[in-house]
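Structure data follow from query-v7.tsv (TSV, C-alpha atoms and all ligand atoms):
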chain	number	residue	atom	x	y	z
B	5	MET	CA	94.53	129.74	114.07
B	6	GLU	CA	97.31	132.10	113.20
B	7	SER	CA	99.08	131.43	109.91
B	8	VAL	CA	102.13	133.56	109.23
B	9	THR	CA	104.90	133.71	106.72
B	10	ASN	CA	106.86	136.51	108.37
B	11	CYS	CA	106.88	136.64	112.13
B	12	SER	CA	109.13	137.23	115.06
B	13	MET	CA	110.59	133.75	114.57
B	14	ASP	CA	111.58	134.57	111.00
B	15	TRP	CA	110.61	131.19	109.59
B	16	PRO	CA	111.67	130.74	105.95
B	17	CYS	CA	108.23	129.34	105.03
B	18	ALA	CA	104.62	129.22	106.17
B	19	ALA	CA	104.24	128.61	109.90
B	20	GLN	CA	101.28	128.44	112.28
B	21	ARG	CA	101.45	129.27	115.95
B	22	SER	CA	99.56	126.99	118.38
B	23	ALA	CA	98.46	124.59	115.64
B	24	ASP	CA	96.09	121.71	116.30
B	25	LEU	CA	97.79	118.44	115.36
B	26	ALA	CA	94.82	116.07	115.76
B	27	PRO	CA	93.37	116.72	112.27
B	28	ARG	CA	96.81	115.96	110.83
B	29	THR	CA	96.79	112.39	112.11
B	30	THR	CA	94.67	109.46	110.95
B	31	LEU	CA	93.77	108.64	114.58
B	32	LYS	CA	92.55	112.24	115.06
B	33	VAL	CA	93.94	112.67	118.55
B	34	GLY	CA	96.62	114.98	119.88
B	35	GLY	CA	96.99	118.49	121.16
B	36	ARG	CA	98.49	121.75	119.98
B	37	VAL	CA	102.08	122.42	119.09
B	38	GLU	CA	103.83	125.73	119.64
B	39	TRP	CA	104.80	125.96	115.95
B	40	LEU	CA	103.72	124.00	112.89
B	41	VAL	CA	106.10	124.77	110.04
B	42	GLU	CA	105.36	123.88	106.42
B	43	PRO	CA	108.31	124.05	104.00
B	44	LYS	CA	107.52	123.64	100.32
B	45	SER	CA	110.98	122.49	99.21
B	46	PRO	CA	113.82	120.51	100.83
B	47	GLU	CA	115.82	123.74	100.95
B	48	GLU	CA	113.10	125.47	102.97
B	49	LEU	CA	113.00	122.47	105.29
B	50	VAL	CA	116.75	122.72	105.89
B	51	ALA	CA	116.42	126.47	106.51
B	52	ALA	CA	113.50	125.91	108.94
B	53	VAL	CA	115.54	123.41	110.94
B	54	ASN	CA	118.40	125.93	111.08
B	55	VAL	CA	116.02	128.57	112.47
B	56	ALA	CA	114.67	126.10	115.07
B	57	ARG	CA	118.21	125.15	116.08
B	58	GLY	CA	119.17	128.82	116.41
B	59	GLU	CA	116.13	129.44	118.63
B	60	GLY	CA	116.75	126.36	120.74
B	61	LEU	CA	113.43	124.73	119.77
B	62	GLU	CA	112.68	121.02	119.78
B	63	VAL	CA	112.00	119.67	116.30
B	64	ARG	CA	109.70	116.82	115.29
B	65	VAL	CA	108.78	115.73	111.77
B	66	LEU	CA	105.25	114.93	110.67
B	67	GLY	CA	104.34	113.11	107.49
B	68	GLY	CA	100.78	111.89	106.96
B	69	GLY	CA	100.35	111.18	110.69
B	70	ALA	CA	99.27	107.63	109.81
B	71	ASN	CA	101.50	105.89	112.32
B	72	LEU	CA	101.40	108.37	115.11
B	73	LEU	CA	99.91	108.63	118.59
B	74	ILE	CA	100.19	112.15	120.04
B	75	VAL	CA	99.60	112.00	123.79
B	76	PRO	CA	99.93	115.51	125.29
B	77	GLU	CA	97.49	118.39	124.97
B	78	GLU	CA	100.38	120.83	124.54
B	79	LEU	CA	103.63	120.12	122.72
B	80	GLY	CA	106.54	122.56	122.87
B	81	GLY	CA	108.90	123.44	120.03
B	82	CYS	CA	108.10	122.96	116.39
B	83	VAL	CA	106.67	120.26	114.18
B	84	ILE	CA	107.85	120.34	110.58
B	85	SER	CA	105.20	118.98	108.24
B	86	THR	CA	106.07	117.44	104.87
B	87	ASP	CA	102.58	118.13	103.56
B	88	LEU	CA	103.77	120.59	100.89
B	89	LEU	CA	106.68	118.42	99.74
B	90	ASN	CA	104.38	116.32	97.60
B	91	TYR	CA	106.50	115.78	94.49
B	92	THR	CA	107.37	112.75	92.38
B	93	PHE	CA	109.86	113.00	89.51
B	94	ARG	CA	111.04	110.99	86.54
B	95	LEU	CA	114.82	110.80	86.52
B	96	THR	CA	115.07	111.26	82.75
B	97	ASP	CA	116.33	114.81	82.84
B	98	LEU	CA	118.19	114.55	86.08
B	99	GLU	CA	121.71	113.30	86.29
B	100	ALA	CA	120.97	110.14	88.27
B	101	GLY	CA	118.74	112.19	90.52
B	102	SER	CA	121.58	114.25	91.94
B	103	GLU	CA	119.56	117.45	91.48
B	104	LEU	CA	116.65	116.06	93.44
B	105	VAL	CA	117.70	118.07	96.43
B	106	GLY	CA	119.56	121.31	96.00
B	107	SER	CA	117.79	123.20	93.23
B	108	GLU	CA	115.63	126.22	93.99
B	109	THR	CA	112.71	125.06	91.87
B	110	PRO	CA	111.53	121.48	91.63
B	111	PRO	CA	112.45	119.60	88.48
B	112	ALA	CA	109.57	118.82	86.11
B	113	ARG	CA	106.88	116.77	87.78
B	114	VAL	CA	106.21	113.21	86.76
B	115	ALA	CA	104.61	112.99	83.33
B	116	PRO	CA	102.85	109.63	82.94
B	117	ALA	CA	102.36	110.15	79.19
B	118	LYS	CA	106.10	110.20	78.51
B	119	VAL	CA	107.48	106.90	79.60
B	120	SER	CA	111.26	106.83	79.68
B	121	ASP	CA	113.41	103.74	79.89
B	122	ASP	CA	114.67	104.62	83.33
B	123	PRO	CA	112.62	102.52	85.77
B	124	ARG	CA	113.28	104.84	88.69
B	125	LEU	CA	111.41	107.63	90.41
B	126	GLY	CA	112.65	110.46	92.57
B	127	LEU	CA	110.39	111.45	95.45
B	128	TRP	CA	110.41	114.28	97.94
B	129	ALA	CA	109.52	113.38	101.51
B	130	GLY	CA	105.92	114.56	101.22
B	131	ALA	CA	105.05	112.45	98.16
B	132	ARG	CA	101.89	110.49	99.02
B	133	LEU	CA	102.16	106.71	99.12
B	134	GLN	CA	98.87	106.28	97.22
B	135	GLY	CA	100.11	108.72	94.57
B	136	LEU	CA	103.23	106.58	94.27
B	137	VAL	CA	101.18	103.39	93.85
B	138	ARG	CA	99.12	105.03	91.08
B	139	THR	CA	102.10	106.61	89.32
B	140	ALA	CA	104.02	103.35	89.37
B	141	TYR	CA	101.29	101.25	87.76
B	142	GLN	CA	100.45	103.99	85.26
B	143	LEU	CA	104.09	103.99	84.17
B	144	GLY	CA	104.31	100.19	84.13
B	145	LEU	CA	106.72	100.02	87.07
B	146	ARG	CA	106.57	97.07	89.46
B	147	GLY	CA	107.49	97.57	93.10
B	148	ALA	CA	104.93	99.84	94.75
B	149	GLU	CA	101.76	97.73	94.50
B	150	LEU	CA	102.15	96.28	98.02
B	151	LEU	CA	101.66	99.82	99.35
B	152	SER	CA	98.13	99.85	97.99
B	153	GLY	CA	95.87	101.22	100.74
B	154	VAL	CA	98.78	102.26	103.00
B	155	PRO	CA	98.34	105.93	103.96
B	156	GLY	CA	101.16	108.39	104.63
B	157	HIS	CA	104.10	110.11	102.99
B	158	VAL	CA	107.39	108.84	101.58
B	159	GLY	CA	109.37	110.33	104.52
B	160	GLY	CA	107.17	108.44	106.99
B	161	ALA	CA	107.55	105.26	104.93
B	162	LEU	CA	111.34	105.64	105.03
B	163	ALA	CA	111.24	106.18	108.79
B	164	MET	CA	108.94	103.18	109.30
B	165	ASN	CA	110.10	100.91	106.47
B	166	ALA	CA	106.39	100.61	105.69
B	167	GLY	CA	105.18	97.55	103.86
B	168	SER	CA	103.92	94.04	104.40
B	169	ARG	CA	105.22	91.10	106.41
B	170	ASP	CA	107.88	90.12	103.89
B	171	TRP	CA	108.45	93.35	102.00
B	172	GLY	CA	109.46	96.83	103.08
B	173	PHE	CA	109.67	100.23	101.39
B	174	TRP	CA	113.45	100.19	101.59
B	175	ASP	CA	113.53	97.14	99.28
B	176	GLN	CA	112.93	99.61	96.42
B	177	VAL	CA	115.18	102.44	97.65
B	178	GLU	CA	118.36	103.23	95.76
B	179	ARG	CA	119.43	106.44	97.48
B	180	VAL	CA	118.22	108.79	100.14
B	181	TRP	CA	118.96	112.38	101.20
B	182	LEU	CA	119.08	112.89	104.95
B	183	LEU	CA	119.44	116.01	107.07
B	184	ASP	CA	121.24	115.86	110.39
B	185	PRO	CA	119.18	118.41	112.36
B	186	GLY	CA	121.87	118.77	115.02
B	187	THR	CA	124.51	120.05	112.59
B	188	GLY	CA	122.52	121.05	109.51
B	189	GLU	CA	124.65	118.63	107.46
B	190	LEU	CA	123.01	117.14	104.35
B	191	GLN	CA	123.97	113.55	103.57
B	192	GLU	CA	123.35	111.51	100.43
B	193	ARG	CA	123.36	107.81	101.29
B	194	ALA	CA	123.22	104.74	99.07
B	195	ARG	CA	120.83	102.00	100.20
B	196	GLU	CA	123.82	99.83	101.17
B	197	GLU	CA	124.93	102.45	103.70
B	198	CYS	CA	121.59	102.29	105.54
B	199	ALA	CA	120.34	99.58	107.86
B	200	PRO	CA	116.55	99.35	107.73
B	201	THR	CA	114.84	96.44	109.48
B	202	TYR	CA	111.25	95.21	109.79
B	203	ARG	CA	109.03	98.32	110.32
B	204	ASP	CA	111.99	100.56	111.19
B	205	GLY	CA	114.07	102.59	108.74
B	206	HIS	CA	116.61	103.35	111.49
B	207	LEU	CA	117.01	106.97	110.43
B	208	GLU	CA	118.72	107.57	113.79
B	209	GLY	CA	117.39	111.07	114.34
B	210	LYS	CA	117.93	112.23	110.73
B	211	ILE	CA	115.23	113.86	108.62
B	212	ALA	CA	114.51	112.23	105.26
B	213	LEU	CA	114.25	114.85	102.52
B	214	ALA	CA	114.00	112.74	99.38
B	215	CYS	CA	114.86	109.39	97.86
B	216	VAL	CA	115.30	107.59	94.56
B	217	MET	CA	113.38	104.33	94.16
B	218	HIS	CA	113.99	101.65	91.55
B	219	PHE	CA	111.34	99.44	89.96
B	220	GLU	CA	110.97	96.63	87.42
B	221	PRO	CA	109.20	97.38	84.12
B	222	ASP	CA	106.00	95.34	83.83
B	223	ASP	CA	102.54	95.34	82.27
B	224	LYS	CA	100.44	98.35	83.37
B	225	THR	CA	97.11	96.53	83.38
B	226	LEU	CA	98.48	93.63	85.37
B	227	LEU	CA	100.05	95.99	87.91
B	228	LYS	CA	96.81	97.93	88.35
B	229	GLU	CA	94.89	94.68	88.85
B	230	GLU	CA	97.38	93.57	91.50
B	231	ALA	CA	97.23	96.93	93.30
B	232	ASP	CA	93.41	96.79	93.24
B	233	GLU	CA	93.49	93.24	94.59
B	234	TYR	CA	95.81	94.19	97.48
B	235	LEU	CA	93.47	97.06	98.30
B	236	ARG	CA	90.41	94.80	98.27
B	237	ALA	CA	92.15	92.28	100.56
B	238	LYS	CA	93.29	95.05	102.90
B	239	CYS	CA	89.79	96.55	103.15
B	240	ALA	CA	88.36	93.10	103.91
B	241	ALA	CA	90.87	92.42	106.70
B	242	GLN	CA	91.50	95.81	108.31
B	243	PRO	CA	89.35	98.73	109.52
B	244	VAL	CA	90.81	101.08	106.89
B	245	THR	CA	87.92	103.54	106.94
B	246	GLU	CA	87.98	103.95	110.74
B	247	ARG	CA	90.18	106.39	112.64
B	248	SER	CA	93.34	104.51	113.64
B	249	ALA	CA	97.12	104.73	113.46
B	250	GLY	CA	97.42	101.43	111.58
B	251	CYS	CA	98.91	98.43	113.35
B	252	VAL	CA	99.86	99.27	116.92
B	253	TRP	CA	102.28	96.36	117.38
B	254	LYS	CA	104.94	94.66	115.32
B	255	ASN	CA	104.38	90.99	114.70
B	256	PRO	CA	106.33	88.94	117.24
B	257	ASP	CA	108.93	86.34	116.32
B	258	PRO	CA	106.79	83.49	114.82
B	259	GLU	CA	108.72	80.91	116.87
B	260	GLU	CA	107.69	82.67	120.04
B	261	SER	CA	104.05	83.10	119.02
B	262	ASP	CA	103.37	79.83	117.12
B	263	GLY	CA	103.22	81.86	113.92
B	264	ARG	CA	100.47	84.13	115.22
B	265	GLY	CA	100.67	87.82	114.34
B	266	ALA	CA	100.10	90.46	117.01
B	267	GLY	CA	96.48	90.94	115.91
B	268	LYS	CA	95.76	87.21	116.19
B	269	LEU	CA	97.27	87.07	119.68
B	270	VAL	CA	95.01	89.93	120.79
B	271	ASP	CA	92.04	88.32	119.09
B	272	ASP	CA	92.70	84.88	120.64
B	273	LEU	CA	92.66	86.43	124.11
B	274	GLY	CA	89.23	87.93	123.48
B	275	LEU	CA	90.55	91.48	123.71
B	276	THR	CA	88.90	92.83	120.57
B	277	GLY	CA	86.20	95.32	121.50
B	278	LEU	CA	88.04	96.22	124.73
B	279	ARG	CA	87.52	99.93	125.50
B	280	MET	CA	89.08	102.68	127.52
B	281	GLY	CA	86.63	105.55	127.10
B	282	ASP	CA	86.28	106.03	123.35
B	283	ALA	CA	89.51	104.19	122.57
B	284	MET	CA	88.64	100.68	121.39
B	285	VAL	CA	90.44	97.61	120.08
B	286	SER	CA	88.95	96.99	116.64
B	287	THR	CA	86.58	94.04	116.42
B	288	GLN	CA	87.72	93.52	112.83
B	289	HIS	CA	91.48	93.30	113.51
B	290	GLY	CA	93.09	92.98	116.94
B	291	ASN	CA	96.16	95.00	115.97
B	292	PHE	CA	94.16	98.22	115.43
B	293	VAL	CA	93.13	100.61	118.19
B	294	LEU	CA	90.35	102.93	117.05
B	295	ASN	CA	89.20	106.36	118.00
B	296	ALA	CA	85.56	105.33	118.31
B	297	GLY	CA	84.30	108.75	119.39
B	298	LYS	CA	86.12	111.53	121.18
B	299	THR	CA	89.04	109.68	122.67
B	300	THR	CA	92.27	111.26	123.88
B	301	GLY	CA	95.90	110.28	123.38
B	302	LYS	CA	96.05	109.37	127.06
B	303	GLN	CA	93.12	106.93	126.76
B	304	VAL	CA	94.59	105.33	123.65
B	305	LEU	CA	97.90	104.86	125.44
B	306	GLU	CA	96.20	103.36	128.50
B	307	LEU	CA	94.35	100.89	126.30
B	308	ILE	CA	97.54	99.92	124.47
B	309	GLU	CA	99.31	99.35	127.79
B	310	GLU	CA	96.39	97.28	129.12
B	311	VAL	CA	96.44	95.01	126.05
B	312	GLU	CA	100.21	94.61	126.35
B	313	ARG	CA	99.86	93.68	130.05
B	314	ARG	CA	97.23	91.05	129.34
B	315	VAL	CA	99.13	89.54	126.39
B	316	LEU	CA	102.26	89.32	128.53
B	317	ASP	CA	100.38	87.76	131.47
B	318	GLU	CA	98.57	85.20	129.32
B	319	THR	CA	101.26	84.27	126.79
B	320	GLY	CA	104.58	85.54	128.13
B	321	ILE	CA	105.04	87.57	124.94
B	322	GLN	CA	106.06	91.21	125.28
B	323	LEU	CA	104.54	92.99	122.29
B	324	SER	CA	106.74	95.61	120.73
B	325	ARG	CA	105.16	98.75	119.33
B	326	GLU	CA	105.06	99.75	115.69
B	327	VAL	CA	103.12	102.97	116.34
B	328	ARG	CA	105.28	106.01	117.11
B	329	GLN	CA	104.36	108.05	120.17
B	330	TRP	CA	104.94	111.75	120.79
B	331	GLY	CA	104.90	112.80	124.43
B	332	GLY	CA	103.78	110.72	127.41
B	333	PRO	CA	105.87	108.04	129.12
B	334	ASN	CA	108.51	106.54	126.77
B	335	GLY	CA	107.50	108.81	123.89
B	336	GLU	CA	110.06	109.08	121.11
B	337	SER	CA	112.69	111.80	121.35
B	338	PRO	CA	112.41	114.79	119.03
B	339	VAL	CA	114.89	114.69	116.14
B	340	LEU	CA	116.36	117.85	117.60
B	341	ALA	CA	116.31	118.33	121.36
B	342	PRO	CA	118.44	121.30	122.40
B	343	ALA	CA	119.99	120.97	125.86
N	401	LIG	C1	94.42	102.27	107.91
N	401	LIG	C2	95.92	102.16	107.99
N	401	LIG	C3	96.56	101.11	107.35
N	401	LIG	C4	97.95	100.99	107.42
N	401	LIG	N1	98.54	99.93	106.80
N	401	LIG	C5	99.90	99.79	106.87
N	401	LIG	C6	100.56	98.70	106.22
N	401	LIG	O1	99.96	97.86	105.57
N	401	LIG	N2	101.92	98.62	106.33
N	401	LIG	C7	102.64	99.55	107.03
N	401	LIG	O2	103.88	99.44	107.11
N	401	LIG	N3	102.04	100.59	107.65
N	401	LIG	C8	100.70	100.74	107.58
N	401	LIG	N4	100.09	101.80	108.21
N	401	LIG	C9	100.92	102.78	108.95
N	401	LIG	C10	101.40	103.98	108.11
N	401	LIG	O3	100.61	104.09	106.96
N	401	LIG	C11	102.87	103.83	107.72
N	401	LIG	O4	103.70	103.61	108.84
N	401	LIG	C12	103.36	105.08	106.99
N	401	LIG	O5	104.63	104.84	106.48
N	401	LIG	C13	103.41	106.29	107.92
N	401	LIG	O6	103.79	107.41	107.14
N	401	LIG	P1	103.44	108.87	107.64
N	401	LIG	O7	103.99	109.80	106.64
N	401	LIG	O8	102.00	108.96	107.94
N	401	LIG	O9	104.31	108.95	108.97
N	401	LIG	P2	103.92	109.72	110.31
N	401	LIG	O10	102.84	108.98	111.02
N	401	LIG	O11	103.68	111.15	110.04
N	401	LIG	O12	105.28	109.57	111.13
N	401	LIG	C14	105.70	108.29	111.59
N	401	LIG	C15	107.13	108.43	112.13
N	401	LIG	O13	108.00	108.80	111.06
N	401	LIG	C16	108.66	110.02	111.37
N	401	LIG	N5	108.81	110.77	110.13
N	401	LIG	C17	107.83	111.19	109.28
N	401	LIG	N6	108.36	111.82	108.23
N	401	LIG	C18	109.70	111.81	108.41
N	401	LIG	C19	110.79	112.31	107.65
N	401	LIG	N7	110.63	112.97	106.50
N	401	LIG	N8	112.06	112.13	108.14
N	401	LIG	C20	112.25	111.48	109.32
N	401	LIG	N9	111.26	110.98	110.07
N	401	LIG	C21	109.99	111.14	109.62
N	401	LIG	C22	107.77	110.73	112.37
N	401	LIG	O14	108.49	111.67	113.15
N	401	LIG	C23	107.28	109.53	113.17
N	401	LIG	O15	108.27	109.13	114.09
N	401	LIG	C24	98.71	101.95	108.14
N	401	LIG	C25	98.06	103.03	108.76
N	401	LIG	C26	96.68	103.14	108.68
N	401	LIG	C27	96.00	104.31	109.35
Please, can you express the file's structure as structure tokens?
Amino acid sequence: MESVTNCSMDWPCAAQRSADLAPRTTLKVGGRVEWLVEPKSPEELVAAVNVARGEGLEVRVLGGGANLLIVPEELGGCVISTDLLNYTFRLTDLEAGSELVGSETPPARVAPAKVSDDPRLGLWAGARLQGLVRTAYQLGLRGAELLSGVPGHVGGALAMNAGSRDWGFWDQVERVWLLDPGTGELQERAREECAPTYRDGHLEGKIALACVMHFEPDDKTLLKEEADEYLRAKCAAQPVTERSAGCVWKNPDPEESDGRGAGKLVDDLGLTGLRMGDAMVSTQHGNFVLNAGKTTGKQVLELIEEVERRVLDETGIQLSREVRQWGGPNGESPVLAPA
């Protein structure tokens, strides 16, 4: 694979031509993309999007690839990865976090030994969710423990409003910095100006660069115990060590499904273990589709569609997807799609 910092495209950061995306997803399926671009600051990300716009390239954003099904073998345009934007900050020395985006060098990284009174954290889009869980309990901050065992980056969690049935990432968000890839405009938005819903941050085609999260001070030991307990419960209920993209479907309206979640509906219809090649519905949890060998994005999609057909036929419930899909029929639009 070719990795270049200076090339004919003049990317402002590291970029790989014809990069394999499969290893960058938790499902481990997907083809190559024309360009994989890896900014190491929000400013580089903004500059990379400007280059892509100037060249008329499609732009997609990749976090931890933990909620993603990539269908095609070849994807045009560029994928911007947030892998190198893995920073978490105390807000102590920042004026209410306003320097979180906009400075050339990152502010000092989080320093667990020096606990300040400010129960907030600033996070760049590539900050890891498990790093956030750890940092929060080490600092005695309540609010991230429900993310215990949830893979991915902060940008992906903002896009997905990741969380549990009754709690979502946005519940802890105070402010967010968004980039409009169509215009290059940077917007700082208060939580009240955003409209996240269950498993959807409604970013409306914007790229999340960073956010400030607020927490409640609490006992460190207690918080760690709770995070550990959530992780234990998650491991017991879900195939967390298998290759998957997490829950494929959102839970339906409980009134429509007699309170049954999507996984239970699939389970009750005897669809666990159903296969399409090496794509398989998990026998441990009906809402997970696994890569049980060398499956392809196409097979995974066919299996998902087959389960949806059978659930609809048997129960009348149309499952709605949580997993995001790149390419293939009804795949999501790139955040920038030049005419
Ligand atoms: C084993 C397992 C368990 C899981 N458990 C849970 C759970 O309990 N609760 C839950 O909610 N989820 C769960 N998930 C799903 C996943 O962890 C979350 O959805 C997570 O937030 C995805 O983050 P990501 O960075 O991997 O996003 P990606 O998969 O990389 O991207 C998902 C979507 O977000 C977009 N995106 C990514 N970054 C940005 C950005 N910076 N700006 C704009 N858009 C962006 C992508 O373009 C894509 O549309 C689980 C997944 C696995 C594999």
Counting only C-alpha atoms and all ligand atoms, the option among B:Ala283, B:Val216, B:Val270, B:Leu150 closest to ligand LIG 401 (chain N):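 Using only C-alpha atoms and all ligand atoms, ligand LIG 401 (chain N) sits closest to B:Leu150.
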12 Å contact set for Ala166 in chain B, all atoms listed in the file, chain neighbours under 3 positions out, as a count of residues only: 37
Nearest to ligand LIG 401 (chain N) by atom-to-atom distance, counting only C-alpha atoms and all ligand atoms, from B:Asp262, B:Asp122, B:Glu62, B:Glu246: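 Result for the nearest residue to ligand LIG 401 (chain N): B:Glu246.
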Using all atoms listed in the file: which of B:Glu47, B:Asp87, B:Glu192, B:Glu233 has the shortest distance to ligand LIG 401 (chain N): B:Asp87
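Proximity ranking of B:Lys210, B:Arg314, B:Arg94, B:Lys228 relative to Ser337 in chain B places B:Lys210 first, based on all atoms listed in the file.
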Test item: residues at most 10 Å from range 13-20 of chain B, only C-alpha atoms, excluding those fewer than 5 positions along its chain, as a ChimeraX atom specification: /B:5-8,37-45,47-56,59,82-85
Contacts of His218 in chain B at 9 Å (all atoms listed in the file; same-chain gap of 4+ positions) as a PyMOL selection string: chain B and resi 122-126+145-147+175-178
Distance query Thr92 in chain B at most 8 Å, only C-alpha atoms, self and fewer than 2 positions along chain excluded, as a VMD selection string: chain B and resid 90 94 113 to 114 125 to 128 131 136
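Counting only C-alpha atoms and all ligand atoms and comparing B:Ala241, B:Ala266, B:Leu323, B:Leu275, the residue that lies closest to ligand LIG 401 (chain N) is B:Ala241.
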From B:Gly135, B:Gly60, B:Pro46, B:Gly144, residue lying nearest Asp223 in chain B [all atoms listed in the file]: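 Looking at the shortest contact to Asp223 in chain B, the residue is B:Gly144.
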Taking (96.2, 124.5, 118.7) in the file's coordinates as the center, which residues reach within 8 Å of it, counting only C-alpha atoms, put as a JSON list (two decimals) with C-alpha atoms, in the coordinates of the input?
[["chain", "number", "residue", "atom", "x", "y", "z"],
["B", 5, "MET", "CA", 94.53, 129.74, 114.07],
["B", 21, "ARG", "CA", 101.45, 129.27, 115.95],
["B", 22, "SER", "CA", 99.56, 126.99, 118.38],
["B", 23, "ALA", "CA", 98.46, 124.59, 115.64],
["B", 24, "ASP", "CA", 96.09, 121.71, 116.30],
["B", 25, "LEU", "CA", 97.79, 118.44, 115.36],
["B", 35, "GLY", "CA", 96.99, 118.49, 121.16],
["B", 36, "ARG", "CA", 98.49, 121.75, 119.98],
["B", 37, "VAL", "CA", 102.08, 122.42, 119.09],
["B", 38, "GLU", "CA", 103.83, 125.73, 119.64]]
Listing only residues of range 146-260 of chain B within 12 Å of range 300-304 of chain B, what is the closest atom pair and its distance in Å (to one decimal) for each, using only C-alpha atoms, sorted by chain and residue number ascending, as a Markdown table?
| residue | atom | partner | partner_atom | distance |
| --- | --- | --- | --- | --- |
| B:Arg247 | CA | B:Val304 | CA | 11.9 |
| B:Ser248 | CA | B:Val304 | CA | 10.1 |
| B:Ala249 | CA | B:Val304 | CA | 10.5 |
| B:Val252 | CA | B:Val304 | CA | 10.5 |
Gap from CA of Ser168 in chain B to CA of Gln242 in chain B - Å, one decimal: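 Between CA of Ser168 in chain B and CA of Gln242 in chain B the gap is 13.1 Å.
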Exercise: Leu273 in chain B partners within 12 Å, all atoms listed in the file, chain neighbours under 2 positions left out, as number ranges by chain: B: 266-271, 275-278, 290, 311-319
Go ahead and save the residues from that selection, with C-alpha atoms, as a PDB file, keeping the file's coordinate frame.
ATOM      1  CA  ALA B 266     100.100  90.460 117.010  1.00  0.00           C
ATOM      2  CA  GLY B 267      96.480  90.940 115.910  1.00  0.00           C
ATOM      3  CA  LYS B 268      95.760  87.210 116.190  1.00  0.00           C
ATOM      4  CA  LEU B 269      97.270  87.070 119.680  1.00  0.00           C
ATOM      5  CA  VAL B 270      95.010  89.930 120.790  1.00  0.00           C
ATOM      6  CA  ASP B 271      92.040  88.320 119.090  1.00  0.00           C
ATOM      7  CA  LEU B 275      90.550  91.480 123.710  1.00  0.00           C
ATOM      8  CA  THR B 276      88.900  92.830 120.570  1.00  0.00           C
ATOM      9  CA  GLY B 277      86.200  95.320 121.500  1.00  0.00           C
ATOM     10  CA  LEU B 278      88.040  96.220 124.730  1.00  0.00           C
ATOM     11  CA  GLY B 290      93.090  92.980 116.940  1.00  0.00           C
ATOM     12  CA  VAL B 311      96.440  95.010 126.050  1.00  0.00           C
ATOM     13  CA  GLU B 312     100.210  94.610 126.350  1.00  0.00           C
ATOM     14  CA  ARG B 313      99.860  93.680 130.050  1.00  0.00           C
ATOM     15  CA  ARG B 314      97.230  91.050 129.340  1.00  0.00           C
ATOM     16  CA  VAL B 315      99.130  89.540 126.390  1.00  0.00           C
ATOM     17  CA  LEU B 316     102.260  89.320 128.530  1.00  0.00           C
ATOM     18  CA  ASP B 317     100.380  87.760 131.470  1.00  0.00           C
ATOM     19  CA  GLU B 318      98.570  85.200 129.320  1.00  0.00           C
ATOM     20  CA  THR B 319     101.260  84.270 126.790  1.00  0.00           C
TER      21      THR B 319
END
Atom pair atom C20 of ligand LIG 401 (chain N) / CA of Ala212 in chain B: separation (Å):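 Those two atoms sit 4.7 Å apart.
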Nearby residues, (105.3, 120.0, 125.3) file frame, 9 Å, only C-alpha atoms, as a list in words: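 Looking at atoms near the point gives Arg36, Val37, Glu38, Pro76, Glu77, Glu78, Leu79, Gly80, Gly81 and Gly331 of chain B.
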Two-atom distance - CA of Cys239 in chain B, atom O5 of ligand LIG 401 (chain N) (Å):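 Between these atoms lies a distance of 17.3 Å.
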Adding 5 Å on each side of the box along x, y and z that holds all listed atoms of ligand LIG 401 (chain N), could you give its centre and edge lengths in Å to one decimal, as JSON?
{"center_x": 103.3, "center_y": 105.4, "center_z": 109.8, "size_x": 27.8, "size_y": 25.1, "size_z": 18.5}
